[in-house]
$ cat my_file06.cif   # mmCIF, C-alpha atoms and all ligand atoms
data_protein
#
loop_
_atom_site.label_atom_id
_atom_site.label_comp_id
_atom_site.auth_asym_id
_atom_site.auth_seq_id
_atom_site.Cartn_x
_atom_site.Cartn_y
_atom_site.Cartn_z
CA MET N 9 27.55 -43.60 -14.64
CA SER N 10 28.90 -46.40 -12.43
CA ASP N 11 26.84 -47.68 -9.52
CA ASP N 12 30.01 -47.49 -7.41
CA LEU N 13 29.62 -43.78 -7.33
CA PHE N 14 26.60 -44.17 -5.11
CA LYS N 15 28.26 -46.56 -2.67
CA SER N 16 29.41 -43.87 -0.30
CA ALA N 17 28.80 -43.72 3.44
CA LEU N 18 25.98 -41.28 2.73
CA SER N 19 24.01 -43.63 0.53
CA GLU N 20 20.94 -45.38 1.79
CA ARG N 21 21.69 -48.94 2.96
CA GLU N 22 20.03 -51.77 1.24
CA GLY N 23 17.36 -53.52 3.23
CA VAL N 24 16.06 -50.44 5.02
CA ALA N 25 12.57 -50.10 3.68
CA GLN N 26 10.95 -46.71 3.39
CA PRO N 27 8.33 -46.30 6.12
CA PRO N 28 4.82 -46.28 4.71
CA SER N 29 3.27 -42.90 4.29
CA VAL N 30 1.49 -41.90 7.50
CA ASN N 31 -1.35 -40.47 5.49
CA PRO N 32 -1.48 -41.76 1.93
CA TYR N 33 -4.03 -39.05 1.05
CA TRP N 34 -1.77 -36.26 2.28
CA LYS N 35 -0.72 -35.09 -1.15
CA LYS N 36 -4.26 -35.25 -2.44
CA ASN N 37 -5.48 -33.17 0.48
CA GLN N 38 -2.68 -30.68 0.01
CA ARG N 39 -3.74 -30.17 -3.54
CA LYS N 40 -7.34 -29.77 -2.51
CA LYS N 41 -6.42 -27.22 0.12
CA LYS N 42 -4.86 -24.98 -2.49
CA GLU N 43 -7.96 -24.92 -4.63
CA LYS N 44 -9.63 -21.55 -4.52
CA LEU N 45 -13.09 -21.19 -3.07
CA PRO N 46 -15.79 -19.82 -5.35
CA ILE N 47 -15.91 -16.02 -5.13
CA GLU N 48 -19.29 -16.03 -3.35
CA GLN N 49 -17.93 -18.23 -0.58
CA MET N 50 -14.69 -16.30 -0.39
CA ALA N 51 -16.68 -13.11 0.19
CA GLU N 52 -18.77 -14.77 2.93
CA ARG N 53 -15.68 -16.10 4.72
CA ILE N 54 -13.93 -12.73 4.53
CA LEU N 55 -16.99 -11.04 6.03
CA LEU N 56 -16.74 -13.55 8.88
CA GLY N 57 -13.13 -12.42 9.42
CA ASP N 58 -11.46 -15.60 8.11
CA ARG N 59 -7.80 -14.61 7.84
CA THR N 60 -6.74 -17.58 5.73
CA VAL N 61 -9.29 -16.69 3.08
CA LEU N 62 -8.36 -13.01 3.43
CA SER N 63 -4.73 -13.90 2.64
CA GLN N 64 -5.83 -15.99 -0.35
CA ALA N 65 -7.99 -13.13 -1.57
CA ILE N 66 -5.08 -10.70 -1.29
CA THR N 67 -2.92 -13.09 -3.33
CA LEU N 68 -5.70 -13.14 -5.93
CA VAL N 69 -5.87 -9.34 -5.97
CA GLU N 70 -2.08 -9.10 -6.31
CA SER N 71 -1.91 -11.59 -9.16
CA ILE N 72 -1.27 -10.20 -12.61
CA SER N 73 -3.02 -13.05 -14.45
CA VAL N 74 -6.04 -11.89 -16.45
CA GLU N 75 -8.24 -14.66 -15.03
CA HIS N 76 -7.28 -13.78 -11.43
CA THR N 77 -7.80 -10.07 -12.07
CA ALA N 78 -11.36 -10.73 -13.25
CA MET N 79 -12.04 -12.91 -10.17
CA ALA N 80 -10.51 -10.29 -7.88
CA GLN N 81 -12.70 -7.63 -9.44
CA GLU N 82 -15.80 -9.68 -8.78
CA LEU N 83 -14.74 -10.18 -5.18
CA ILE N 84 -13.99 -6.49 -4.68
CA ASP N 85 -17.39 -5.57 -6.14
CA LYS N 86 -19.11 -7.91 -3.69
CA LEU N 87 -17.19 -6.56 -0.70
CA LEU N 88 -17.19 -2.86 -1.52
CA PRO N 89 -20.52 -2.23 0.26
CA TYR N 90 -19.01 -3.69 3.46
CA SER N 91 -15.82 -1.63 3.37
CA GLY N 92 -14.99 1.88 4.50
CA ASN N 93 -15.58 1.44 8.20
CA SER N 94 -12.05 2.20 9.34
CA VAL N 95 -9.54 4.92 9.87
CA ARG N 96 -6.79 4.73 7.25
CA ILE N 97 -3.45 6.03 8.43
CA GLY N 98 -0.45 6.63 6.17
CA ILE N 99 2.95 6.54 7.85
CA THR N 100 6.09 7.75 6.15
CA GLY N 101 9.65 8.64 7.11
CA VAL N 102 13.17 7.99 5.91
CA PRO N 103 14.77 4.59 6.54
CA GLY N 104 16.00 4.40 10.13
CA VAL N 105 13.52 6.94 11.53
CA GLY N 106 11.82 4.09 13.38
CA LYS N 107 8.75 3.29 11.25
CA SER N 108 8.63 -0.40 12.04
CA THR N 109 9.42 0.15 15.74
CA PHE N 110 6.70 2.82 15.85
CA ILE N 111 4.14 0.65 14.03
CA GLU N 112 4.91 -2.20 16.43
CA SER N 113 4.39 -0.06 19.57
CA PHE N 114 1.49 1.91 18.13
CA GLY N 115 -0.11 -1.25 16.74
CA LYS N 116 0.11 -3.09 20.06
CA TYR N 117 -1.42 -0.07 21.79
CA VAL N 118 -4.27 0.12 19.29
CA THR N 119 -5.08 -3.60 19.40
CA GLY N 120 -4.92 -3.32 23.20
CA LEU N 121 -7.80 -0.87 22.92
CA GLY N 122 -9.82 -3.54 21.16
CA HIS N 123 -9.25 -2.48 17.56
CA LYS N 124 -8.30 -4.73 14.68
CA LEU N 125 -5.29 -3.47 12.79
CA ALA N 126 -4.03 -4.19 9.27
CA VAL N 127 -0.55 -3.02 8.24
CA LEU N 128 0.10 -2.74 4.51
CA ALA N 129 3.10 -1.36 2.69
CA ILE N 130 3.73 0.59 -0.49
CA ASP N 131 7.18 -0.10 -1.77
CA PRO N 132 7.39 -0.48 -5.54
CA SER N 133 11.05 -1.48 -5.37
CA SER N 134 10.48 -4.47 -3.13
CA GLU N 135 11.03 -7.95 -4.46
CA ARG N 136 9.97 -10.80 -2.31
CA SER N 137 13.07 -12.81 -3.11
CA LYS N 138 15.29 -10.09 -1.71
CA GLY N 139 13.03 -9.49 1.25
CA SER N 140 10.88 -6.43 1.43
CA ILE N 141 12.02 -3.44 3.48
CA LEU N 142 8.50 -2.48 4.44
CA GLY N 143 5.62 -4.33 6.00
CA ASP N 144 8.09 -7.03 6.92
CA LYS N 145 6.83 -9.25 9.71
CA THR N 146 10.31 -9.87 11.08
CA ARG N 147 10.58 -6.16 11.77
CA MET N 148 7.40 -6.24 13.85
CA GLU N 149 7.80 -9.39 15.88
CA GLU N 150 5.26 -8.74 18.61
CA LEU N 151 2.63 -7.38 16.26
CA SER N 152 3.00 -10.27 13.83
CA THR N 153 1.86 -12.72 16.52
CA ASP N 154 -1.01 -10.50 17.69
CA PRO N 155 -4.31 -12.17 16.73
CA ASP N 156 -5.87 -8.73 16.16
CA ALA N 157 -3.17 -7.57 13.76
CA PHE N 158 -2.62 -8.49 10.12
CA ILE N 159 0.62 -7.54 8.38
CA ARG N 160 1.07 -7.78 4.66
CA PRO N 161 4.23 -6.70 2.78
CA SER N 162 4.15 -4.70 -0.41
CA PRO N 163 3.33 -6.70 -3.55
CA SER N 164 6.44 -7.19 -5.63
CA GLY N 165 7.34 -6.64 -9.25
CA LEU N 166 4.81 -3.90 -9.96
CA THR N 167 5.05 -0.24 -10.89
CA LEU N 168 4.06 2.35 -8.32
CA GLY N 169 0.68 2.71 -10.03
CA GLY N 170 0.22 -1.05 -9.91
CA VAL N 171 1.13 -1.26 -6.22
CA ALA N 172 -1.23 1.64 -5.48
CA ARG N 173 -4.19 -0.01 -7.17
CA LYS N 174 -3.56 -3.35 -5.48
CA THR N 175 -3.12 -1.68 -2.08
CA ARG N 176 -6.43 0.15 -2.44
CA GLU N 177 -8.12 -3.15 -3.20
CA VAL N 178 -6.38 -4.82 -0.26
CA ILE N 179 -7.70 -2.03 1.99
CA THR N 180 -11.23 -2.89 0.81
CA LEU N 181 -10.68 -6.57 1.61
CA CYS N 182 -9.23 -5.84 5.07
CA GLU N 183 -12.08 -3.50 5.95
CA ALA N 184 -14.64 -6.08 4.85
CA ALA N 185 -12.84 -8.58 7.11
CA GLY N 186 -13.44 -6.25 10.06
CA PHE N 187 -10.13 -4.40 10.36
CA ASP N 188 -11.02 -0.95 11.61
CA VAL N 189 -7.55 0.60 11.71
CA ILE N 190 -5.49 0.39 8.52
CA ILE N 191 -1.87 1.53 8.39
CA VAL N 192 -0.19 2.06 5.02
CA GLU N 193 3.55 2.39 5.43
CA THR N 194 5.98 3.85 2.93
CA VAL N 195 9.51 5.24 2.76
CA GLY N 196 9.59 9.02 2.63
CA VAL N 197 12.13 9.42 -0.12
CA GLY N 198 10.28 9.22 -3.41
CA GLN N 199 6.93 9.48 -5.12
CA SER N 200 5.22 6.80 -3.07
CA GLU N 201 4.07 9.15 -0.32
CA THR N 202 1.83 11.03 -2.78
CA VAL N 203 0.25 7.71 -3.62
CA VAL N 204 -0.20 6.83 0.06
CA LYS N 205 -1.70 10.24 0.73
CA SER N 206 -4.25 9.52 -2.01
CA MET N 207 -5.61 6.49 -0.15
CA VAL N 208 -5.53 7.43 3.54
CA ASP N 209 -7.54 9.66 5.86
CA PHE N 210 -4.62 10.72 8.00
CA PHE N 211 -1.02 11.13 6.90
CA LEU N 212 1.63 10.92 9.61
CA LEU N 213 5.18 12.01 8.98
CA LEU N 214 7.80 10.50 11.30
CA MET N 215 10.90 12.64 11.76
CA LEU N 216 14.10 12.67 13.76
CA SER N 217 15.54 15.43 15.85
CA GLY N 218 18.99 16.85 15.40
CA ALA N 219 18.94 16.63 11.63
CA GLY N 220 17.76 19.26 9.15
CA ASP N 221 15.06 18.37 6.66
CA GLU N 222 17.67 18.17 3.94
CA LEU N 223 19.55 15.58 5.94
CA GLN N 224 16.40 13.59 6.45
CA GLY N 225 15.70 13.74 2.74
CA ILE N 226 12.18 14.97 3.39
CA LYS N 227 10.97 17.38 0.79
CA ARG N 228 8.88 20.40 1.66
CA GLY N 229 6.07 18.87 -0.39
CA ILE N 230 5.90 15.90 1.93
CA MET N 231 5.73 18.14 4.98
CA GLU N 232 2.88 19.97 3.31
CA MET N 233 0.98 16.71 2.92
CA ALA N 234 1.29 15.77 6.58
CA ASP N 235 -1.67 15.82 8.97
CA ALA N 236 0.81 15.45 11.84
CA ILE N 237 4.53 15.44 12.35
CA VAL N 238 5.85 13.11 15.04
CA ILE N 239 9.46 13.34 16.12
CA ASN N 240 10.56 9.87 17.12
CA LYS N 241 13.41 8.76 19.40
CA ALA N 242 12.54 11.37 22.04
CA ASP N 243 14.20 9.38 24.79
CA GLY N 244 17.37 9.51 26.91
CA ASP N 245 19.76 12.29 25.90
CA ASN N 246 17.64 13.03 22.88
CA VAL N 247 14.61 14.52 24.68
CA ASP N 248 15.83 18.14 24.63
CA LYS N 249 16.84 17.92 20.99
CA ALA N 250 13.45 16.44 20.14
CA ASN N 251 11.65 19.29 21.90
CA PHE N 252 13.82 21.83 20.08
CA ALA N 253 13.04 20.15 16.75
CA LYS N 254 9.35 20.24 17.69
CA SER N 255 9.38 24.03 18.08
CA GLN N 256 11.28 24.38 14.79
CA TYR N 257 8.76 22.30 12.90
CA GLN N 258 5.88 24.16 14.53
CA ALA N 259 7.40 27.42 13.30
CA ALA N 260 7.96 26.00 9.80
CA LEU N 261 4.36 24.76 9.59
CA ARG N 262 3.00 28.23 10.38
CA LEU N 263 4.38 29.32 7.00
CA PHE N 264 2.36 26.72 5.14
CA PRO N 265 -1.11 27.44 3.79
CA PRO N 266 -3.96 26.16 6.01
CA CYS N 267 -5.22 22.62 5.38
CA GLU N 268 -8.43 22.19 3.40
CA SER N 269 -9.77 20.15 6.34
CA GLY N 270 -9.46 23.12 8.70
CA TRP N 271 -7.20 20.96 10.89
CA GLU N 272 -4.13 22.52 12.45
CA VAL N 273 -1.21 20.17 11.93
CA PRO N 274 0.21 19.22 15.33
CA VAL N 275 3.85 18.37 16.03
CA LYS N 276 4.48 15.77 18.71
CA THR N 277 7.43 13.88 20.11
CA CYS N 278 7.45 10.20 20.98
CA SER N 279 9.68 7.27 21.68
CA ALA N 280 8.63 4.19 19.77
CA ILE N 281 11.13 2.03 21.59
CA LYS N 282 10.25 3.20 25.12
CA LYS N 283 6.55 3.47 24.22
CA ILE N 284 6.39 7.12 25.34
CA ASN N 285 3.56 9.28 23.96
CA ILE N 286 2.24 6.52 21.72
CA ASP N 287 -1.18 7.00 23.34
CA ALA N 288 -1.01 10.72 22.50
CA VAL N 289 -0.45 9.92 18.82
CA TRP N 290 -3.54 7.70 18.78
CA GLY N 291 -5.48 10.35 20.70
CA MET N 292 -4.53 12.89 18.05
CA ILE N 293 -5.77 10.61 15.24
CA GLU N 294 -9.06 10.13 17.06
CA GLU N 295 -9.31 13.88 17.53
CA TYR N 296 -8.70 14.34 13.80
CA ARG N 297 -11.41 11.83 12.96
CA ASN N 298 -13.91 13.52 15.27
CA PHE N 299 -13.00 16.96 13.99
CA THR N 300 -13.21 16.05 10.29
CA THR N 301 -16.33 13.92 10.74
CA GLY N 302 -17.90 16.87 12.51
CA ASN N 303 -17.16 19.35 9.73
CA GLY N 304 -17.91 16.86 6.93
CA TYR N 305 -14.36 16.76 5.58
CA PHE N 306 -13.76 13.07 6.38
CA ASP N 307 -16.46 11.89 3.95
CA HIS N 308 -15.80 14.64 1.44
CA HIS N 309 -12.12 13.68 1.32
CA ARG N 310 -12.90 9.99 0.71
CA LYS N 311 -15.31 10.92 -2.08
CA GLN N 312 -12.66 13.16 -3.63
CA GLN N 313 -10.17 10.29 -3.46
CA SER N 314 -12.57 7.93 -5.26
CA VAL N 315 -13.25 10.45 -8.03
CA LYS N 316 -9.51 11.02 -8.44
CA ILE N 317 -8.91 7.27 -8.75
CA PHE N 318 -11.58 7.19 -11.46
CA TYR N 319 -9.93 10.01 -13.42
CA ASP N 320 -6.44 8.57 -12.99
CA TRP N 321 -7.62 5.18 -14.17
CA MET N 322 -9.32 6.67 -17.23
CA GLU N 323 -6.24 8.70 -18.06
CA THR N 324 -3.79 5.81 -17.95
CA THR N 325 -6.17 3.39 -19.65
CA LEU N 326 -7.06 5.76 -22.48
CA VAL N 327 -3.43 6.61 -23.13
CA THR N 328 -2.56 2.92 -23.23
CA ILE N 329 -5.42 2.13 -25.63
CA PHE N 330 -4.47 5.10 -27.81
CA PHE N 331 -0.78 4.26 -28.15
CA ASP N 332 -1.45 0.53 -28.55
CA ASN N 333 -3.60 1.18 -31.63
CA GLN N 334 -1.79 -0.06 -34.73
CA LYS N 335 -3.18 2.62 -37.10
CA ILE N 336 -2.27 5.40 -34.69
CA LYS N 337 1.21 3.94 -34.30
CA GLU N 338 1.69 3.88 -38.07
CA GLU N 339 0.40 7.43 -38.46
CA ILE N 340 2.74 8.68 -35.71
CA ASP N 341 5.72 6.94 -37.36
CA ARG N 342 4.79 8.55 -40.67
CA LEU N 343 4.53 12.06 -39.19
CA ILE N 344 7.59 12.13 -36.94
CA PRO N 345 10.18 12.63 -39.76
CA GLU N 346 8.12 15.58 -41.05
CA ILE N 347 8.03 17.10 -37.54
CA GLN N 348 11.78 16.55 -37.22
CA ASN N 349 12.68 18.20 -40.54
CA GLY N 350 10.41 21.14 -39.86
CA THR N 351 7.90 20.58 -42.65
CA LEU N 352 5.07 19.88 -40.22
CA SER N 353 4.17 21.68 -37.00
CA PRO N 354 3.86 19.36 -33.98
CA TYR N 355 0.41 20.86 -33.28
CA ILE N 356 -0.88 20.18 -36.78
CA ALA N 357 0.58 16.67 -36.51
CA GLY N 358 -1.29 16.24 -33.23
CA ASN N 359 -4.54 17.27 -34.92
CA ILE N 360 -3.93 14.84 -37.77
CA ILE N 361 -3.56 12.06 -35.19
CA LEU N 362 -6.72 13.18 -33.39
CA ASP N 363 -8.64 13.15 -36.69
CA GLN N 364 -7.32 9.65 -37.29
CA MET N 365 -8.57 8.64 -33.83
CA LYS N 366 -12.03 10.08 -34.51
CA GLU N 367 -12.05 8.28 -37.87
CA ASN N 368 -11.20 4.99 -36.06
CA GLY N 369 -13.97 5.67 -33.55
CA ARG N 370 -16.58 6.08 -36.29
CA LYS N 371 -15.66 2.75 -37.89
P1 LIG U 401 12.64 2.13 9.89
O1 LIG U 401 13.73 1.86 8.92
O2 LIG U 401 12.09 3.50 9.72
O3 LIG U 401 11.57 1.09 9.90
O4 LIG U 401 13.32 2.13 11.36
P2 LIG U 401 13.40 0.99 12.46
O5 LIG U 401 12.12 0.85 13.19
O6 LIG U 401 13.99 -0.23 11.84
O7 LIG U 401 14.42 1.64 13.48
C1 LIG U 401 15.76 1.99 13.11
C2 LIG U 401 16.61 1.97 14.35
O8 LIG U 401 16.18 2.98 15.26
C3 LIG U 401 16.55 0.64 15.11
O9 LIG U 401 17.84 0.35 15.60
C4 LIG U 401 15.62 0.94 16.25
O10 LIG U 401 15.86 0.17 17.40
C5 LIG U 401 15.89 2.43 16.53
N1 LIG U 401 14.72 3.10 17.11
C6 LIG U 401 13.46 3.07 16.64
N2 LIG U 401 12.65 3.80 17.42
C7 LIG U 401 13.42 4.31 18.41
C8 LIG U 401 13.15 5.16 19.55
O11 LIG U 401 12.03 5.58 19.83
N3 LIG U 401 14.22 5.49 20.32
C9 LIG U 401 15.48 5.05 20.06
N4 LIG U 401 16.43 5.44 20.88
N5 LIG U 401 15.75 4.26 19.01
C10 LIG U 401 14.75 3.88 18.21
#

$ encode --input "my_file06.cif" --output "structure tokens"
Amino acid sequence: MSDDLFKSALSEREGVAQPPSVNPYWKKNQRKKKEKLPIEQMAERILLGDRTVLSQAITLVESISVEHTAMAQELIDKLLPYSGNSVRIGITGVPGVGKSTFIESFGKYVTGLGHKLAVLAIDPSSERSKGSILGDKTRMEELSTDPDAFIRPSPSGLTLGGVARKTREVITLCEAAGFDVIIVETVGVGQSETVVKSMVDFFLLLMLSGAGDELQGIKRGIMEMADAIVINKADGDNVDKANFAKSQYQAALRLFPPCESGWEVPVKTCSAIKKINIDAVWGMIEEYRNFTTGNGYFDHHRKQQSVKIFYDWMETTLVTIFFDNQKIKEEIDRLIPEIQNGTLSPYIAGNIILDQMKENGRK
């Protein structure tokens, strides 16, 4: 290539020397800064509420590398005894219902009371490159600059099960760092609300007035999971409609079976944008905590959740180990044609595979 090509007006003129680096060690320091602290020290700094280390720890937890997973596990084990001292709130609702506006107003109110708030998201479809819909700091401008709030978007590129596990671990880290109110946000259109329900103490369903449930895409099952329904956008011309929707939801809830907690699911209206009734929503959550702590359900529920996680983990892990086994794979491949042509019953085939598994176990 000819040198002439570079002789354009945009090229650097000869004779203009590059200024010396202001800090010749800058790069070296940068590299050092990225080095991870030993797990012991990470745990200590998290317990002191160090947010930089908390963020690093979350990145470690979210990593899919085997080495990082082992380190994250060690960290979680160290911090588990210091976690749990929070109220975990799940918030769901269809896109546009006002989740981020609500979390911003609610979050500012809660930190104003002296609490420390972490906002996490469960959104298995999110990819960081495309920008996550949930837990996005740009959607919660005021809260993202609040020193008592910590916002973390959903980890990307994972299955729902993967996101769920990581989010549970992130909750542990945030609690150990002193966050005493945890919000887990999700979109109320798929399976993710069941997962959120499985990791929170209180599940809040945000709704809109003037639209039937079908229009809001909220399934009956999700309403049944709710510990409270809050109808947002109860402001301006919408107040009457919101109150009407409130009475409709109250009537609908009366048809549902009573909650195991003994709690009667309230329906409230609020305006996230005008900050109306936000205090009442927090008051209701506090009331729930007092009520369920009083009758023992709060603790019982958390214990149930931990046992369920244990079973779920065993189930998925055992199935994976089973189907990854080469001998089992070969045996299945051998039996399938016989099942297909009707010479072997699927149940007998299943028993043959089980015998094979037991045989493998004995070896
Ligand atoms: P999300 O998709 O559920 O997170 O919803 P957003 O918080 O992004 O809100 C969707 C739209 O509804 C935005 O234009 C908000 O300004 C508006 N919005 C949110 N809360 C309220 C409210 O309480 N009243 C009114 N009138 N509009 C609201």

$ residues_near_ligand --input "my_file06.cif" --ligand "ligand LIG 401 (chain U)" --cutoff "7 Å" --atoms "all atoms listed in the file" --output "list in words"
Gly101, Val102, Pro103, Gly104, Val105, Gly106, Lys107, Ser108, Thr109, Phe110, Arg147, Asn240, Lys241, Ala242, Asp243, Cys278, Ser279, Ala280, Ile281 and Lys282 of chain N

$ atom_distance --input "my_file06.cif" --atom1 "CA of Met292 in chain N" --atom2 "CA of His123 in chain N"
16.1 Å

$ atom_distance --input "my_file06.cif" --atom1 "CA of Ile356 in chain N" --atom2 "CA of Arg342 in chain N"
13.5 Å

$ atom_distance --input "my_file06.cif" --atom1 "CA of Ser200 in chain N" --atom2 "CA of Phe306 in chain N"
22.1 Å

$ residues_around --input "my_file06.cif" --residues "range 186-195 of chain N" --least-positions-apart "2" --cutoff "8 Å" --atoms "only C-alpha atoms" --output "PyMOL selection string"
chain N and resi 55+57+93-103+107+123-131+142-143+179+182-184+197-198+200-201+204+208

$ residues_around --input "my_file06.cif" --residues "Ala260 in chain N" --least-positions-apart "6" --cutoff "12 Å" --atoms "all atoms listed in the file" --output "PyMOL selection string"
chain N and resi 220-221+228+231-232+237+253-254+273-275

$ closest_residue --input "my_file06.cif" --among "N:Ser162, N:Thr119, N:Ser152, N:Ser255" --to "Glu70 in chain N" --atoms "only C-alpha atoms"
N:Ser162

$ closest_residue --input "my_file06.cif" --among "N:Lys116, N:Lys366, N:Lys311, N:Lys276" --to "Leu213 in chain N" --atoms "all atoms listed in the file"
N:Lys276

$ residues_around --input "my_file06.cif" --residues "range 331-335 of chain N" --least-positions-apart "3" --cutoff "10 Å" --atoms "all atoms listed in the file" --output "PyMOL selection string"
chain N and resi 326-328+338-341+361+364-365+368

$ residues_around --input "my_file06.cif" --residues "Glu177 in chain N" --least-positions-apart "2" --cutoff "9 Å" --atoms "all atoms listed in the file" --output "list in words"
Ile66, Val69, Ala80, Gln81, Ile84, Ala172, Arg173, Lys174, Thr175, Ile179, Thr180, Leu181 and Cys182 of chain N

$ closest_residue --input "my_file06.cif" --among "N:Pro161, N:Gln199, N:Val118, N:Tyr257" --to "Ala288 in chain N" --atoms "all atoms listed in the file"
N:Val118
